[in-house]
$ cat protein12.cif   # mmCIF, C-alpha atoms
data_work
#
loop_
_atom_site.label_atom_id
_atom_site.label_comp_id
_atom_site.auth_asym_id
_atom_site.auth_seq_id
_atom_site.Cartn_x
_atom_site.Cartn_y
_atom_site.Cartn_z
CA MET A 278 0.00 0.00 0.00
CA GLN A 279 1.40 3.36 -1.03
CA ASN A 280 1.98 5.89 1.74
CA ARG A 281 -0.49 8.76 1.90
CA LEU A 282 1.34 12.06 1.51
CA VAL A 283 0.22 15.63 2.19
CA ALA A 284 2.14 18.82 1.44
CA GLY A 285 2.23 21.97 3.51
CA VAL A 286 3.23 25.14 1.64
CA ASP A 287 4.45 28.42 3.11
CA CYS A 288 4.70 31.19 0.52
CA SER A 289 6.42 33.85 2.61
CA THR A 290 7.88 37.18 1.55
CA GLN A 291 11.32 35.76 0.77
CA SER A 292 10.66 32.21 -0.43
CA THR A 293 8.23 29.35 -0.96
CA LYS A 294 8.80 26.33 1.25
CA VAL A 295 7.18 22.92 0.91
CA VAL A 296 7.16 20.08 3.46
CA VAL A 297 5.75 16.66 2.54
CA VAL A 298 4.43 14.58 5.43
CA ASP A 299 3.42 10.92 5.63
CA VAL A 300 -0.15 10.95 6.97
CA ASP A 301 0.14 7.58 8.70
CA THR A 302 3.44 8.10 10.48
CA GLY A 303 3.56 11.88 10.81
CA GLY A 304 7.10 11.82 9.50
CA ILE A 305 8.54 14.36 7.09
CA THR A 306 9.44 12.58 3.87
CA ALA A 307 10.69 15.47 1.73
CA SER A 308 11.01 19.22 1.49
CA GLY A 309 11.87 21.98 -0.97
CA GLN A 310 12.48 25.72 -1.02
CA VAL A 311 12.79 28.36 -3.75
CA GLU A 312 13.52 32.04 -3.11
CA HIS A 313 11.44 34.92 -4.48
CA ASP A 314 12.42 38.09 -6.28
CA VAL A 315 11.27 41.01 -4.14
CA PHE A 316 11.38 44.47 -5.71
CA ARG A 317 11.96 47.20 -3.14
CA SER A 318 12.44 50.92 -3.70
CA GLY A 319 11.90 53.32 -0.83
CA PRO A 320 8.52 52.47 0.74
CA ALA A 321 7.57 50.16 -2.14
CA SER A 322 7.70 46.36 -1.80
CA GLU A 323 6.40 44.16 -4.62
CA THR A 324 6.69 40.70 -6.16
CA ASP A 325 5.48 39.35 -9.49
CA PRO A 326 2.77 36.77 -8.66
CA GLU A 327 4.16 34.54 -11.41
CA ASN A 328 7.29 34.30 -9.29
CA TRP A 329 5.25 32.69 -6.51
CA TRP A 330 3.77 30.21 -8.97
CA SER A 331 7.14 29.21 -10.43
CA ALA A 332 8.63 29.01 -6.92
CA LEU A 333 5.84 26.67 -5.83
CA ALA A 334 6.44 24.45 -8.85
CA GLY A 335 10.17 24.46 -8.17
CA ALA A 336 9.81 23.64 -4.48
CA LEU A 337 7.38 20.81 -5.22
CA SER A 338 9.78 19.44 -7.82
CA GLN A 339 12.60 19.46 -5.27
CA THR A 340 10.62 17.07 -3.06
CA GLY A 341 10.92 14.42 -5.76
CA CYS A 342 7.36 13.23 -5.23
CA PRO A 343 4.88 15.87 -6.48
CA GLU A 344 2.75 13.29 -8.33
CA GLN A 345 2.33 11.23 -5.14
CA ILE A 346 0.89 14.05 -3.02
CA ASP A 347 -2.75 13.43 -2.08
CA ALA A 348 -3.56 16.83 -0.58
CA ILE A 349 -1.95 20.24 -0.31
CA SER A 350 -2.48 23.16 2.03
CA ILE A 351 -1.35 26.70 1.17
CA ALA A 352 -0.28 29.27 3.75
CA ALA A 353 1.18 32.60 2.74
CA GLN A 354 2.03 36.14 3.71
CA GLN A 355 -1.08 38.11 4.55
CA LEU A 356 -2.36 41.57 3.62
CA GLY A 357 -0.74 41.93 0.18
CA ILE A 358 -2.94 42.31 -2.91
CA VAL A 359 -2.86 40.77 -6.37
CA THR A 360 -4.84 42.66 -9.01
CA LEU A 361 -6.24 40.45 -11.78
CA ASP A 362 -7.93 41.30 -15.06
CA SER A 363 -11.14 39.67 -16.32
CA SER A 364 -9.10 36.67 -17.50
CA HIS A 365 -7.57 36.25 -14.03
CA ARG A 366 -4.14 37.44 -15.19
CA PRO A 367 -2.05 39.76 -12.97
CA LEU A 368 -2.15 43.38 -14.08
CA ARG A 369 0.99 44.39 -12.18
CA ARG A 370 3.34 43.14 -9.50
CA ALA A 371 1.62 42.30 -6.21
CA ILE A 372 1.83 44.89 -3.45
CA LEU A 373 3.23 43.20 -0.34
CA TRP A 374 2.33 43.58 3.32
CA ASP A 375 5.46 45.64 4.08
CA ASP A 376 4.76 48.22 1.36
CA THR A 377 4.10 51.51 3.18
CA ARG A 378 3.12 53.77 0.28
CA SER A 379 -0.45 53.69 1.56
CA ALA A 380 0.45 55.33 4.88
CA ARG A 381 -1.12 58.68 3.91
CA MET A 382 -4.32 56.95 2.82
CA VAL A 383 -4.93 55.25 6.16
CA GLU A 384 -6.00 58.36 8.08
CA GLN A 385 -8.31 59.45 5.27
CA LEU A 386 -9.84 55.98 5.14
CA ILE A 387 -10.38 55.69 8.88
CA ASN A 388 -11.82 59.18 9.20
CA GLY A 389 -14.06 58.62 6.20
CA LEU A 390 -15.46 55.51 7.86
CA GLY A 391 -16.38 57.34 11.04
CA GLY A 392 -13.19 57.20 13.08
CA PRO A 393 -11.11 54.51 14.79
CA ASP A 394 -13.82 53.19 17.13
CA HIS A 395 -16.33 52.74 14.34
CA VAL A 396 -13.77 51.08 12.08
CA THR A 397 -12.93 48.59 14.85
CA GLU A 398 -16.62 47.87 15.23
CA LEU A 399 -16.94 47.31 11.48
CA VAL A 400 -13.94 45.09 10.76
CA GLY A 401 -12.47 44.16 14.13
CA THR A 402 -9.12 45.84 13.55
CA GLN A 403 -7.43 49.13 12.70
CA PRO A 404 -6.05 49.24 9.15
CA LEU A 405 -2.42 50.25 8.82
CA ALA A 406 -0.18 50.90 5.84
CA GLY A 407 0.19 47.64 3.94
CA PHE A 408 -3.26 46.32 4.84
CA SER A 409 -5.19 45.15 1.78
CA VAL A 410 -7.76 47.92 2.04
CA SER A 411 -5.05 50.57 2.43
CA SER A 412 -2.94 49.32 -0.48
CA TRP A 413 -5.99 49.12 -2.72
CA ALA A 414 -6.99 52.69 -1.80
CA TRP A 415 -3.45 53.82 -2.64
CA LEU A 416 -3.49 51.95 -5.95
CA ARG A 417 -6.81 53.48 -6.99
CA ASN A 418 -5.34 56.92 -6.38
CA ALA A 419 -1.84 56.36 -7.78
CA GLU A 420 -2.58 54.01 -10.69
CA PRO A 421 -6.21 54.55 -11.73
CA ASN A 422 -5.62 52.87 -15.09
CA ILE A 423 -4.71 49.63 -13.31
CA ALA A 424 -7.59 49.97 -10.85
CA GLU A 425 -10.08 50.42 -13.68
CA LYS A 426 -8.90 47.21 -15.34
CA THR A 427 -9.00 45.21 -12.08
CA ALA A 428 -11.74 42.60 -12.16
CA TYR A 429 -10.58 40.56 -9.16
CA ILE A 430 -8.44 41.08 -6.07
CA ARG A 431 -6.67 38.22 -4.36
CA LEU A 432 -4.22 37.83 -1.49
CA PRO A 433 -0.98 35.91 -2.13
CA HIS A 434 -2.52 32.79 -0.57
CA ASP A 435 -5.65 33.15 -2.70
CA TYR A 436 -3.68 33.59 -5.92
CA LEU A 437 -1.83 30.31 -5.49
CA THR A 438 -4.97 28.45 -4.46
CA GLU A 439 -6.82 29.76 -7.50
CA ARG A 440 -3.99 28.73 -9.80
CA LEU A 441 -4.13 25.23 -8.30
CA THR A 442 -7.92 24.76 -8.22
CA GLY A 443 -9.48 27.40 -10.46
CA ASN A 444 -11.55 28.62 -7.51
CA GLY A 445 -11.53 32.18 -6.19
CA ILE A 446 -11.55 31.45 -2.48
CA THR A 447 -9.84 32.54 0.73
CA ASP A 448 -10.03 31.60 4.41
CA ARG A 449 -11.20 33.44 7.49
CA GLY A 450 -7.66 34.00 8.76
CA ASP A 451 -6.54 35.85 5.64
CA ALA A 452 -9.85 37.65 5.15
CA SER A 453 -9.80 39.01 8.71
CA GLY A 454 -6.67 41.03 7.96
CA THR A 455 -7.88 42.72 4.79
CA GLY A 456 -9.80 45.56 6.40
CA TRP A 457 -12.96 44.88 4.38
CA TRP A 458 -14.22 41.66 6.00
CA SER A 459 -15.75 41.17 9.45
CA SER A 460 -14.95 37.95 11.29
CA ARG A 461 -17.72 38.73 13.79
CA LYS A 462 -20.36 39.02 11.08
CA ASN A 463 -18.66 36.46 8.83
CA SER A 464 -19.12 38.69 5.81
CA TYR A 465 -17.63 41.47 3.71
CA VAL A 466 -18.53 44.92 5.01
CA PRO A 467 -20.60 47.00 2.55
CA GLU A 468 -19.76 50.23 4.36
CA VAL A 469 -16.07 49.66 3.62
CA LEU A 470 -16.52 48.34 0.09
CA ASP A 471 -18.76 51.29 -0.85
CA HIS A 472 -16.39 53.93 0.58
CA PRO A 473 -15.20 56.34 -2.17
CA LEU A 474 -11.55 55.44 -1.50
CA VAL A 475 -12.28 51.72 -1.87
CA GLY A 476 -15.08 51.25 -4.41
CA LEU A 477 -15.15 47.45 -4.54
CA LYS A 478 -17.90 45.06 -5.59
CA PRO A 479 -18.21 41.82 -3.58
CA SER A 480 -17.88 39.90 -6.86
CA MET A 481 -14.29 41.17 -7.13
CA LEU A 482 -13.34 39.41 -3.90
CA PRO A 483 -12.90 35.71 -3.11
CA GLN A 484 -15.43 33.54 -1.34
CA VAL A 485 -14.47 33.08 2.32
CA LEU A 486 -14.39 29.40 3.23
CA GLN A 487 -15.48 28.08 6.58
CA PRO A 488 -13.01 25.99 8.63
CA ASN A 489 -14.46 22.63 7.50
CA GLU A 490 -14.61 23.47 3.77
CA THR A 491 -12.04 22.49 1.16
CA ALA A 492 -10.70 24.80 -1.51
CA GLY A 493 -11.29 22.34 -4.33
CA LYS A 494 -9.47 19.79 -6.43
CA LEU A 495 -6.25 20.32 -8.32
CA ASN A 496 -6.61 21.31 -11.95
#

$ encode --input "protein12.cif" --output "structure tokens"
Amino acid sequence: MQNRLVAGVDCSTQSTKVVVVDVDTGGITASGQVEHDVFRSGPASETDPENWWSALAGALSQTGCPEQIDAISIAAQQLGIVTLDSSHRPLRRAILWDDTRSARMVEQLINGLGGPDHVTELVGTQPLAGFSVSSWAWLRNAEPNIAEKTAYIRLPHDYLTERLTGNGITDRGDASGTGWWSSRKNSYVPEVLDHPLVGLKPSMLPQVLQPNETAGKLN
């Protein structure tokens, strides 16, 4: 009987790491790691999403057993945003969590939503520079041509999952850090999405899976 193998993936800022585990014994059978290209200039921090995809393929290949893996789980850096066109292709490099160009937008966003206390009530956190909602607000202001072409927004974790399964989904952990989803209400927040600095339709965002739901099957 062939061993049942599962792979855990961590797509962090600097690299993608894969660990393959034998389900029956709990032992690690293989691993792989491929570094990313991170483009930094002043407050800007970006990575081409295709770099994550190629790094994942490379790290899986290093394990020597990608075809034998029965299930895979993706974890990744939070907060960053990937802007996709109507064909689900990236429109630009992804803005990462440590990109602080949106710092000036944060105060405008919070004040426009009724102040810090009301924002906390809405989304359960205080957006900072680099939060998804802040980076998107900056992008709409700085690169309106890209924003106008954006049909979908994904986090790094979501982008890889969608490439693997074809499904636009995310999880509660990642969604809770975006600044436009409420973990208490288990839903996107219309007041944030409709704000003039944000201007997002729910259809542009991934479905938020519940803890017992699977992302899908590999393409």

$ resolve_selection --input "protein12.cif" --expression "the PyMOL selection byres ((chain A and resi 406) around 7)" --output "list in words"
Thr377, Ser379, Ala380, Val383, Pro404, Leu405, Gly407, Phe408 and Ser411 of chain A

$ resolve_selection --input "protein12.cif" --expression "the PyMOL selection byres ((chain A and resi 495) around 8)" --output "list in words"
Leu441, Thr442, Gly493, Lys494 and Asn496 of chain A

$ closest_residue --input "protein12.cif" --among "A:Asn328, A:Thr397, A:Gln345, A:Gln385" --to "Arg370 in chain A" --atoms "all atoms listed in the file"
A:Asn328

$ atom_distance --input "protein12.cif" --atom1 "CA of Leu486 in chain A" --atom2 "CA of Arg449 in chain A"
6.7 Å

$ atom_distance --input "protein12.cif" --atom1 "CA of Met382 in chain A" --atom2 "CA of Leu356 in chain A"
15.5 Å

$ residues_around --input "protein12.cif" --residues "Asp299 in chain A" --least-positions-apart "3" --cutoff "10 Å" --atoms "all atoms listed in the file" --output "PyMOL selection string"
chain A and resi 280-284+302-307+346
